[in-house]
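query-v5.txt, holding compact mmCIF, C-alpha atoms:
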# COMPACT_ATOMS: atom_id res chain seq x y z
CA MET A 1 0.00 0.00 0.00
CA TYR A 2 1.22 3.46 -0.87
CA HIS A 3 1.75 5.77 2.12
CA ARG A 4 2.13 9.56 1.57
CA ARG A 5 5.23 10.81 3.32
CA PRO A 6 5.29 14.23 4.96
CA LEU A 7 7.16 17.09 3.31
CA THR A 8 10.76 17.29 4.44
CA PRO A 9 12.07 20.40 6.24
CA ARG A 10 14.23 21.12 3.21
CA LEU A 11 11.26 21.28 0.83
CA LEU A 12 9.29 23.37 3.30
CA ARG A 13 12.15 25.86 3.44
CA VAL A 14 12.19 26.07 -0.37
CA LEU A 15 8.44 26.73 -0.56
CA LEU A 16 8.58 29.28 2.24
CA ALA A 17 11.43 31.13 0.57
CA ALA A 18 9.50 31.28 -2.70
CA LEU A 19 6.38 32.65 -1.02
CA LEU A 20 8.36 35.23 0.94
CA ALA A 21 10.13 36.39 -2.21
CA VAL A 22 6.83 36.83 -4.07
CA GLY A 23 5.27 38.52 -1.06
CA GLY A 24 8.17 40.95 -0.81
CA LEU A 25 7.78 41.86 -4.47
CA LEU A 26 4.05 42.42 -4.11
CA LEU A 27 4.34 44.50 -0.96
CA GLY A 28 7.17 46.57 -2.35
CA ALA A 29 5.08 47.36 -5.41
CA GLY A 30 1.74 47.97 -3.77
CA SER A 31 2.01 49.10 -0.17
CA ALA A 32 3.50 52.57 -0.55
CA PRO A 33 1.04 55.25 0.54
CA ALA A 34 -0.68 56.91 -2.39
CA ALA A 35 -1.12 60.62 -2.11
CA ALA A 36 -4.32 62.31 -3.17
CA PRO A 37 -4.30 64.71 -6.13
CA ALA A 38 -2.45 67.82 -5.09
CA ALA A 39 -4.76 70.64 -4.18
CA ALA A 40 -4.11 74.09 -5.52
CA PRO A 41 -2.51 76.47 -3.02
CA ALA A 42 -5.05 78.45 -1.06
CA ALA A 43 -5.56 81.90 -2.43
CA ALA A 44 -4.75 84.83 -0.22
CA PRO A 45 -7.78 86.56 1.30
CA ALA A 46 -9.06 89.36 -0.86
CA THR A 47 -11.62 92.07 -0.46
CA ALA A 48 -14.90 91.76 -2.32
CA PRO A 49 -14.67 93.14 -5.86
CA ALA A 50 -16.55 96.30 -6.66
CA ILE A 51 -17.86 94.72 -9.87
CA ALA A 52 -19.79 91.45 -9.66
CA PRO A 53 -19.52 88.99 -12.56
CA ALA A 54 -22.66 88.73 -14.64
CA ALA A 55 -24.12 85.70 -16.39
CA ASP A 56 -23.39 86.22 -20.08
CA ASN A 57 -22.61 84.33 -23.27
CA GLY A 58 -20.69 87.02 -25.16
CA SER A 59 -23.80 88.46 -26.82
CA TRP A 60 -25.91 89.47 -23.84
CA ALA A 61 -25.76 89.43 -20.05
CA VAL A 62 -28.41 88.99 -17.36
CA TYR A 63 -27.87 90.21 -13.79
CA PRO A 64 -29.56 92.00 -10.86
CA VAL A 65 -30.11 95.66 -11.59
CA PRO A 66 -27.23 97.84 -10.32
CA ALA A 67 -27.86 100.19 -7.44
CA SER A 68 -27.07 103.00 -9.82
CA LYS A 69 -29.72 103.36 -12.50
CA ALA A 70 -27.26 104.96 -14.91
CA LYS A 71 -27.17 103.43 -18.37
CA ASN A 72 -23.48 102.54 -18.11
CA ALA A 73 -23.68 101.26 -14.50
CA LEU A 74 -21.85 98.00 -13.90
CA PRO A 75 -23.37 95.06 -12.00
CA ASP A 76 -22.75 95.11 -8.26
CA ARG A 77 -24.64 91.89 -7.38
CA GLU A 78 -23.81 88.51 -8.84
CA TYR A 79 -27.09 86.78 -7.93
CA PHE A 80 -30.48 87.51 -6.41
CA TYR A 81 -30.58 86.60 -2.71
CA LEU A 82 -34.18 86.92 -1.53
CA GLU A 83 -36.15 85.79 1.50
CA ALA A 84 -39.89 85.71 2.10
CA ALA A 85 -42.40 84.09 4.40
CA PRO A 86 -45.09 81.75 3.04
CA GLY A 87 -47.84 83.87 1.51
CA ALA A 88 -45.56 86.92 1.06
CA THR A 89 -44.37 88.61 -2.13
CA VAL A 90 -40.91 89.96 -2.86
CA SER A 91 -39.89 92.19 -5.75
CA ASP A 92 -36.68 93.08 -7.57
CA THR A 93 -35.46 94.09 -11.02
CA VAL A 94 -33.42 92.16 -13.57
CA SER A 95 -31.17 93.80 -16.18
CA VAL A 96 -30.68 92.42 -19.68
CA PHE A 97 -27.71 93.99 -21.47
CA ASN A 98 -27.35 93.43 -25.22
CA THR A 99 -23.60 93.56 -25.88
CA SER A 100 -23.91 92.54 -29.55
CA ASP A 101 -24.08 94.77 -32.64
CA GLN A 102 -27.64 93.74 -33.51
CA PRO A 103 -30.98 94.11 -31.69
CA ILE A 104 -32.15 90.94 -29.96
CA THR A 105 -35.69 89.92 -29.07
CA PHE A 106 -35.93 88.02 -25.79
CA GLN A 107 -38.48 85.85 -24.07
CA LEU A 108 -38.27 86.37 -20.31
CA TYR A 109 -39.41 83.79 -17.76
CA GLY A 110 -38.68 82.33 -14.35
CA ALA A 111 -37.11 78.88 -14.13
CA ASP A 112 -36.50 76.27 -11.45
CA ALA A 113 -32.93 75.10 -10.87
CA TYR A 114 -31.58 71.57 -10.52
CA ASN A 115 -28.24 69.77 -10.41
CA THR A 116 -27.06 67.85 -13.44
CA PRO A 117 -26.67 64.22 -12.29
CA ARG A 118 -23.31 63.75 -14.02
CA ASP A 119 -21.27 66.56 -12.46
CA GLY A 120 -23.58 68.50 -10.15
CA GLY A 121 -23.66 71.59 -12.35
CA PHE A 122 -26.28 74.30 -11.76
CA ALA A 123 -28.90 73.90 -14.52
CA LEU A 124 -32.30 75.43 -15.31
CA ARG A 125 -35.59 74.02 -16.50
CA ALA A 126 -36.62 75.02 -20.00
CA ALA A 127 -39.55 77.35 -20.57
CA ASN A 128 -41.76 74.46 -21.76
CA GLN A 129 -40.98 72.24 -18.76
CA PRO A 130 -43.07 72.07 -15.56
CA GLN A 131 -42.04 74.65 -12.94
CA LEU A 132 -42.78 74.11 -9.25
CA GLY A 133 -40.80 76.77 -7.38
CA VAL A 134 -39.33 80.08 -8.50
CA GLY A 135 -40.29 79.24 -12.07
CA ALA A 136 -43.97 79.09 -11.11
CA TRP A 137 -43.93 81.93 -8.58
CA ALA A 138 -42.04 84.57 -10.61
CA HIS A 139 -44.02 87.17 -12.57
CA LEU A 140 -42.20 89.64 -14.84
CA LYS A 141 -43.62 92.98 -15.90
CA VAL A 142 -42.97 91.99 -19.52
CA ASN A 143 -42.36 88.52 -20.93
CA ARG A 144 -41.08 89.60 -24.33
CA LEU A 145 -39.05 92.60 -25.42
CA THR A 146 -36.45 93.71 -27.95
CA VAL A 147 -33.24 95.27 -26.66
CA PRO A 148 -31.24 97.44 -29.10
CA ALA A 149 -27.57 96.81 -29.67
CA HIS A 150 -25.33 97.95 -26.80
CA HIS A 151 -28.34 98.84 -24.65
CA ARG A 152 -29.65 97.64 -21.30
CA ALA A 153 -33.23 96.97 -20.33
CA ASP A 154 -34.37 96.82 -16.70
CA ILE A 155 -37.42 94.60 -16.06
CA PRO A 156 -39.19 94.55 -12.66
CA PHE A 157 -40.48 91.22 -11.38
CA THR A 158 -42.18 89.78 -8.32
CA ILE A 159 -42.09 86.38 -6.65
CA ALA A 160 -45.32 85.46 -4.87
CA VAL A 161 -44.63 82.66 -2.40
CA PRO A 162 -47.67 80.41 -1.83
CA LYS A 163 -49.01 80.08 1.71
CA GLY A 164 -48.28 76.37 1.74
CA ALA A 165 -44.71 76.68 0.45
CA GLU A 166 -42.20 74.49 2.26
CA PRO A 167 -39.53 76.36 4.24
CA GLY A 168 -35.97 76.32 3.00
CA ASP A 169 -34.16 77.12 -0.22
CA HIS A 170 -35.94 77.35 -3.56
CA PRO A 171 -33.26 78.10 -6.19
CA GLY A 172 -34.04 79.24 -9.69
CA ALA A 173 -33.31 82.02 -12.17
CA ILE A 174 -34.72 84.80 -14.30
CA VAL A 175 -33.96 83.78 -17.87
CA ALA A 176 -33.58 85.78 -21.07
CA LEU A 177 -34.07 83.50 -24.09
CA ASP A 178 -33.17 84.65 -27.59
CA THR A 179 -36.26 83.97 -29.68
CA ALA A 180 -34.19 83.55 -32.84
CA THR A 181 -33.29 79.97 -33.75
CA VAL A 182 -29.75 79.18 -34.79
CA GLY A 183 -29.66 76.41 -37.40
CA THR A 184 -26.93 73.80 -37.63
CA GLY A 185 -26.53 71.14 -40.27
CA SER A 186 -24.70 70.05 -43.43
CA ASN A 187 -25.21 70.16 -47.20
CA GLY A 188 -27.29 73.28 -46.80
CA LYS A 189 -30.00 71.47 -44.84
CA VAL A 190 -30.81 72.56 -41.30
CA ALA A 191 -30.81 69.54 -38.98
CA VAL A 192 -31.16 71.10 -35.53
CA GLY A 193 -32.58 74.37 -34.26
CA ILE A 194 -30.84 75.84 -31.23
CA GLN A 195 -32.04 78.64 -28.98
CA ARG A 196 -29.66 80.31 -26.57
CA ALA A 197 -30.56 81.51 -23.09
CA VAL A 198 -28.83 83.21 -20.15
CA GLY A 199 -30.19 83.32 -16.61
CA ALA A 200 -29.46 85.31 -13.46
CA ARG A 201 -29.60 82.96 -10.47
CA VAL A 202 -32.22 83.45 -7.79
CA TYR A 203 -31.55 82.03 -4.32
CA LEU A 204 -34.91 82.32 -2.60
CA ARG A 205 -35.27 81.19 1.00
CA VAL A 206 -38.75 80.66 2.42
CA SER A 207 -38.85 81.43 6.13
CA GLY A 208 -39.10 78.51 8.53
CA PRO A 209 -36.95 75.76 10.01
CA ALA A 210 -33.74 75.08 8.09
CA VAL A 211 -32.86 71.38 8.01
CA PRO A 212 -29.51 70.68 6.31
CA ALA A 213 -28.93 66.98 5.66
CA VAL A 214 -26.91 64.95 3.17
CA THR A 215 -26.24 61.25 2.67
CA LEU A 216 -23.31 59.54 0.96
CA GLN A 217 -24.03 56.26 -0.79
CA ASN A 218 -23.14 53.85 -3.63
CA VAL A 219 -19.39 54.00 -3.00
CA SER A 220 -17.37 51.85 -5.40
CA VAL A 221 -13.85 51.63 -6.79
CA SER A 222 -12.77 50.77 -10.32
CA ARG A 223 -9.11 49.75 -10.70
CA ARG A 224 -6.45 49.23 -13.34
CA ALA A 225 -3.23 47.43 -12.47
CA PRO A 226 -0.42 45.58 -14.29
CA LEU A 227 -0.46 41.77 -14.49
CA ILE A 228 2.73 41.64 -12.45
CA PRO A 229 3.16 44.23 -9.65
CA GLY A 230 6.13 46.49 -10.10
CA LEU A 231 6.07 46.23 -13.90
CA GLY A 232 3.75 49.18 -14.40
CA SER A 233 1.68 51.76 -12.55
CA SER A 234 -1.77 51.29 -11.12
CA SER A 235 -4.70 53.69 -11.00
CA ALA A 236 -8.19 53.76 -9.57
CA THR A 237 -11.33 55.87 -9.60
CA VAL A 238 -13.63 56.26 -6.61
CA HIS A 239 -17.32 56.65 -7.47
CA TYR A 240 -20.01 57.85 -5.07
CA THR A 241 -23.45 59.45 -4.91
CA LEU A 242 -24.36 62.52 -2.87
CA VAL A 243 -28.00 63.14 -1.94
CA ASN A 244 -29.30 66.37 -0.40
CA ARG A 245 -32.13 65.21 1.86
CA GLY A 246 -32.54 68.56 3.62
CA ASN A 247 -34.16 71.84 2.61
CA THR A 248 -31.03 74.02 2.27
CA THR A 249 -28.37 74.33 -0.39
CA VAL A 250 -25.09 72.79 0.75
CA HIS A 251 -21.51 73.34 -0.37
CA PRO A 252 -19.78 70.04 0.48
CA THR A 253 -16.15 69.07 0.86
CA LEU A 254 -14.85 65.52 0.44
CA ALA A 255 -12.06 63.72 2.30
CA LEU A 256 -10.79 60.20 1.62
CA ARG A 257 -8.87 57.79 3.81
CA ALA A 258 -7.86 54.22 3.04
CA SER A 259 -5.94 51.60 4.98
CA GLY A 260 -4.61 48.16 4.08
CA TRP A 261 -3.61 44.97 5.81
CA PHE A 262 0.08 45.36 5.03
CA GLY A 263 0.84 49.03 4.44
CA GLY A 264 -1.20 50.84 7.09
CA THR A 265 -2.59 54.07 5.65
CA VAL A 266 -2.45 53.95 1.85
CA LEU A 267 -4.49 57.09 1.15
CA ASN A 268 -5.08 60.20 3.23
CA ALA A 269 -6.67 62.96 1.15
CA ALA A 270 -7.46 66.19 3.00
CA PRO A 271 -10.95 67.71 2.63
CA LYS A 272 -11.39 69.29 -0.78
CA ASP A 273 -14.14 71.61 -1.96
CA LEU A 274 -16.27 69.81 -4.55
CA GLY A 275 -17.14 73.12 -6.20
CA ILE A 276 -20.87 72.46 -6.43
CA ASP A 277 -24.04 73.87 -4.89
CA LEU A 278 -26.03 70.75 -4.03
CA LEU A 279 -29.65 71.88 -4.14
CA PRO A 280 -32.43 70.51 -1.91
CA GLY A 281 -33.79 67.17 -3.07
CA GLN A 282 -31.07 66.68 -5.66
CA SER A 283 -28.60 63.82 -6.04
CA VAL A 284 -25.38 63.69 -8.05
CA THR A 285 -22.99 60.89 -8.90
CA LEU A 286 -19.38 62.01 -8.83
CA SER A 287 -15.93 60.43 -9.05
CA VAL A 288 -12.43 61.24 -7.90
CA PRO A 289 -9.18 59.77 -9.28
CA TRP A 290 -6.87 57.77 -7.03
CA PRO A 291 -3.35 57.55 -8.48
CA HIS A 292 -1.09 54.64 -7.49
CA PRO A 293 -3.40 52.55 -5.29
CA PRO A 294 -2.02 49.35 -3.75
CA GLN A 295 -1.47 46.49 -6.18
CA PHE A 296 -1.62 43.72 -3.57
CA ASP A 297 -3.60 44.33 -0.40
CA HIS A 298 -7.02 44.29 1.21
CA VAL A 299 -8.08 47.94 1.27
CA SER A 300 -10.75 49.61 3.40
CA LEU A 301 -11.82 53.00 2.00
CA LYS A 302 -13.77 55.67 3.88
CA LEU A 303 -15.29 58.82 2.37
CA SER A 304 -16.30 61.79 4.52
CA VAL A 305 -18.46 64.69 3.36
CA ALA A 306 -18.68 67.86 5.42
CA GLY A 307 -20.06 71.37 5.19
CA THR A 308 -21.97 73.92 7.22
CA ASP A 309 -24.06 71.88 9.69
CA ILE A 310 -23.70 68.69 7.61
CA SER A 311 -21.58 65.57 7.72
CA ALA A 312 -21.84 62.09 6.24
CA THR A 313 -19.58 59.07 5.86
CA ALA A 314 -19.64 55.91 3.78
CA GLY A 315 -17.11 53.40 2.63
CA THR A 316 -16.25 50.19 0.87
CA SER A 317 -13.49 47.58 0.82
CA PHE A 318 -11.86 45.54 -1.90
CA PHE A 319 -9.09 43.04 -2.56
CA ALA A 320 -6.27 44.28 -4.77
CA VAL A 321 -4.91 40.95 -6.02
CA PRO A 322 -2.65 40.29 -9.05
CA TRP A 323 -4.43 37.09 -10.04
CA PHE A 324 -2.01 36.30 -12.85
CA LEU A 325 0.94 36.22 -10.47
CA VAL A 326 -1.01 34.33 -7.82
CA GLY A 327 -1.90 31.68 -10.40
CA LEU A 328 1.73 31.44 -11.48
CA VAL A 329 2.85 30.90 -7.88
CA LEU A 330 0.23 28.19 -7.39
CA VAL A 331 1.42 26.41 -10.52
CA LEU A 332 5.03 26.51 -9.28
CA ILE A 333 3.99 25.14 -5.91
CA GLY A 334 2.08 22.35 -7.63
CA LEU A 335 5.13 21.48 -9.73
CA LEU A 336 7.33 21.37 -6.63
CA ILE A 337 4.91 19.08 -4.81
CA GLY A 338 4.63 16.82 -7.85
CA ALA A 339 8.40 16.61 -8.19
CA ARG A 340 8.71 15.80 -4.50
CA ARG A 341 6.23 12.95 -4.76
CA LEU A 342 7.92 11.52 -7.85
CA ARG A 343 11.29 11.64 -6.14
CA SER A 344 9.86 9.93 -3.05
CA ARG A 345 8.45 7.08 -5.13
CA ARG A 346 11.76 6.52 -6.89
CA ARG A 347 13.62 6.33 -3.61
CA ARG A 348 11.13 3.87 -2.20
CA ALA A 349 11.42 1.68 -5.31
CA GLN A 350 15.20 1.63 -5.02
CA ARG A 351 14.93 0.33 -1.43
CA GLY A 352 12.81 -2.58 -2.70
CA GLY A 353 9.16 -3.12 -3.45
CA GLY A 354 6.82 -0.74 -5.14
CA TRP A 355 6.90 0.73 -8.60
CA SER A 356 9.89 1.85 -10.62
CA TRP A 357 10.18 3.76 -13.88
CA ARG A 358 13.28 2.97 -15.94
CA ARG A 359 14.00 3.36 -19.67
CA GLY A 360 10.36 4.28 -20.31
CA ARG A 361 9.04 0.91 -19.08
CA VAL A 362 7.40 -0.19 -15.83
CA ARG A 363 8.60 -3.29 -14.04
CA VAL A 364 8.10 -4.85 -10.63
CA GLU A 365 11.16 -5.47 -8.50
CA ALA A 366 11.13 -8.36 -6.09
CA ALA A 367 11.44 -7.55 -2.47
CA ALA A 368 14.84 -8.30 -0.96

Encoded form using structure tokens:
Amino acid sequence: MYHRRPLTPRLLRVLLAALLAVGGLLLGAGSAPAAAPAAAPAAAPATAPAIAPAADNGSWAVYPVPASKAKNALPDREYFYLEAAPGATVSDTVSVFNTSDQPITFQLYGADAYNTPRDGGFALRAANQPQLGVGAWAHLKVNRLTVPAHHRADIPFTIAVPKGAEPGDHPGAIVALDTATVGTGSNGKVAVGIQRAVGARVYLRVSGPAVPAVTLQNVSVSRRAPLIPGLGSSSATVHYTLVNRGNTTVHPTLALRASGWFGGTVLNAAPKDLGIDLLPGQSVTLSVPWPHPPQFDHVSLKLSVAGTDISATAGTSFFAVPWFLVGLVLVLIGLLIGARRLRSRRRRAQRGGGWSWRRGRVRVEAAA
């Protein structure tokens, strides 16, 4: 009967040395801490500019009316910041400045704002879309007018807040839409009609309890790594979803921290301004690059979002494993074990009894 003999100390030392060598290569390639993308140096504090930037597209601009009613007065407010109680009405004036060389006819309307899901940008509902907030509550003195070249028109408007309006922020804009359609196409045939619009943002707050709240969810990591650690660079992208579940606009920052089994802290990214105004009830899916993540480790990643009166955390974990190299090591170990067994059988046959392989034939040797 064939009895399996235990591995000798010599073979165990060989296997252990091979595993330690591979492990050293993997750790050396993948355990170095990966720094977050370098943040731009903080700008030195500056006093508020005397001239506020206006929303414009190179042909016309839309902005809150300047305090000075002079024709050549420059904008001194960037946006409309208004507050009213439910059932109250607020009023202001919007300026439309035609900077082009031709007269332009505009359609004027109020629009609700929302965040674009892809990057969190501030976007506005179109005139033919349903309006529920500022877009439905705003009433302009005129809804259509023609502004001569290099002239400014000032249009009064009111916002009548319904009695049952929910407290909190209701962002929107007063929009000036060029009624002319710009055609694009080929072979002399117009394929698409485009209308251009510019809006001055309106940040309306309805009086009542302010409840800031955000959640962080759907955290995942996509990775790219070389087949063999150390023979190329690795990269990763962290994906996540931010949801504003409160009734105020938030300006979040994001911090990342990751740790591994072997290398301790492998990522420690300081809080960074995301550069978005996350509006109430909106959600956005964002991503952040992670250069040089570990190539062999078990990584636990934690994301932290913070802002004025808000905070949220979420995380995920993953195995960073070079499967090609792991498979190669397993094959080598299998070959070593197979060679050891074959050698053991030959030695046993030489001592008498058992099976022997010689000159490509099998023969039975008599026991001594």

Exercise. At a cut-off of 9 Å from (-14.0, 70.0, -5.8) in the coordinates of the file, what residues are picked up using all atoms listed in the file, written as a count of residues only?
Worked result: 8

Exercise. Of the candidates A:Val214, A:Gln195, A:Thr158, A:Arg144, which shows the shortest atom-to-atom distance to Thr308 of chain A, using all atoms listed in the file?
Worked result: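 Of A:Val214, A:Gln195, A:Thr158, A:Arg144, the one nearest Thr308 of chain A is A:Val214, counting all atoms listed in the file.
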
For this session: Find the distance between atom CA of Ile155 of chain A and atom CA of Arg196 of chain A and write it in Å to one decimal.
Result: 19.4 Å

Counting all atoms listed in the file, note down every residue that has an atom within 6 Å of the point (-33.3, 83.1, -22.2) (file coordinates), as a PDB file with C-alpha atoms, keeping the file's coordinate frame.
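The resulting file, out-v6.pdb, is reproduced below:
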ATOM      1  CA  VAL A 175     -33.960  83.780 -17.870  1.00  0.00           C
ATOM      2  CA  ALA A 176     -33.580  85.780 -21.070  1.00  0.00           C
ATOM      3  CA  LEU A 177     -34.070  83.500 -24.090  1.00  0.00           C
ATOM      4  CA  ASP A 178     -33.170  84.650 -27.590  1.00  0.00           C
ATOM      5  CA  ALA A 197     -30.560  81.510 -23.090  1.00  0.00           C
ATOM      6  CA  VAL A 198     -28.830  83.210 -20.150  1.00  0.00           C
TER       7      VAL A 198
END

Seminar exercise, completed: The distance between atom CA of Thr89 of chain A and atom CA of Pro162 of chain A is 8.8 Å
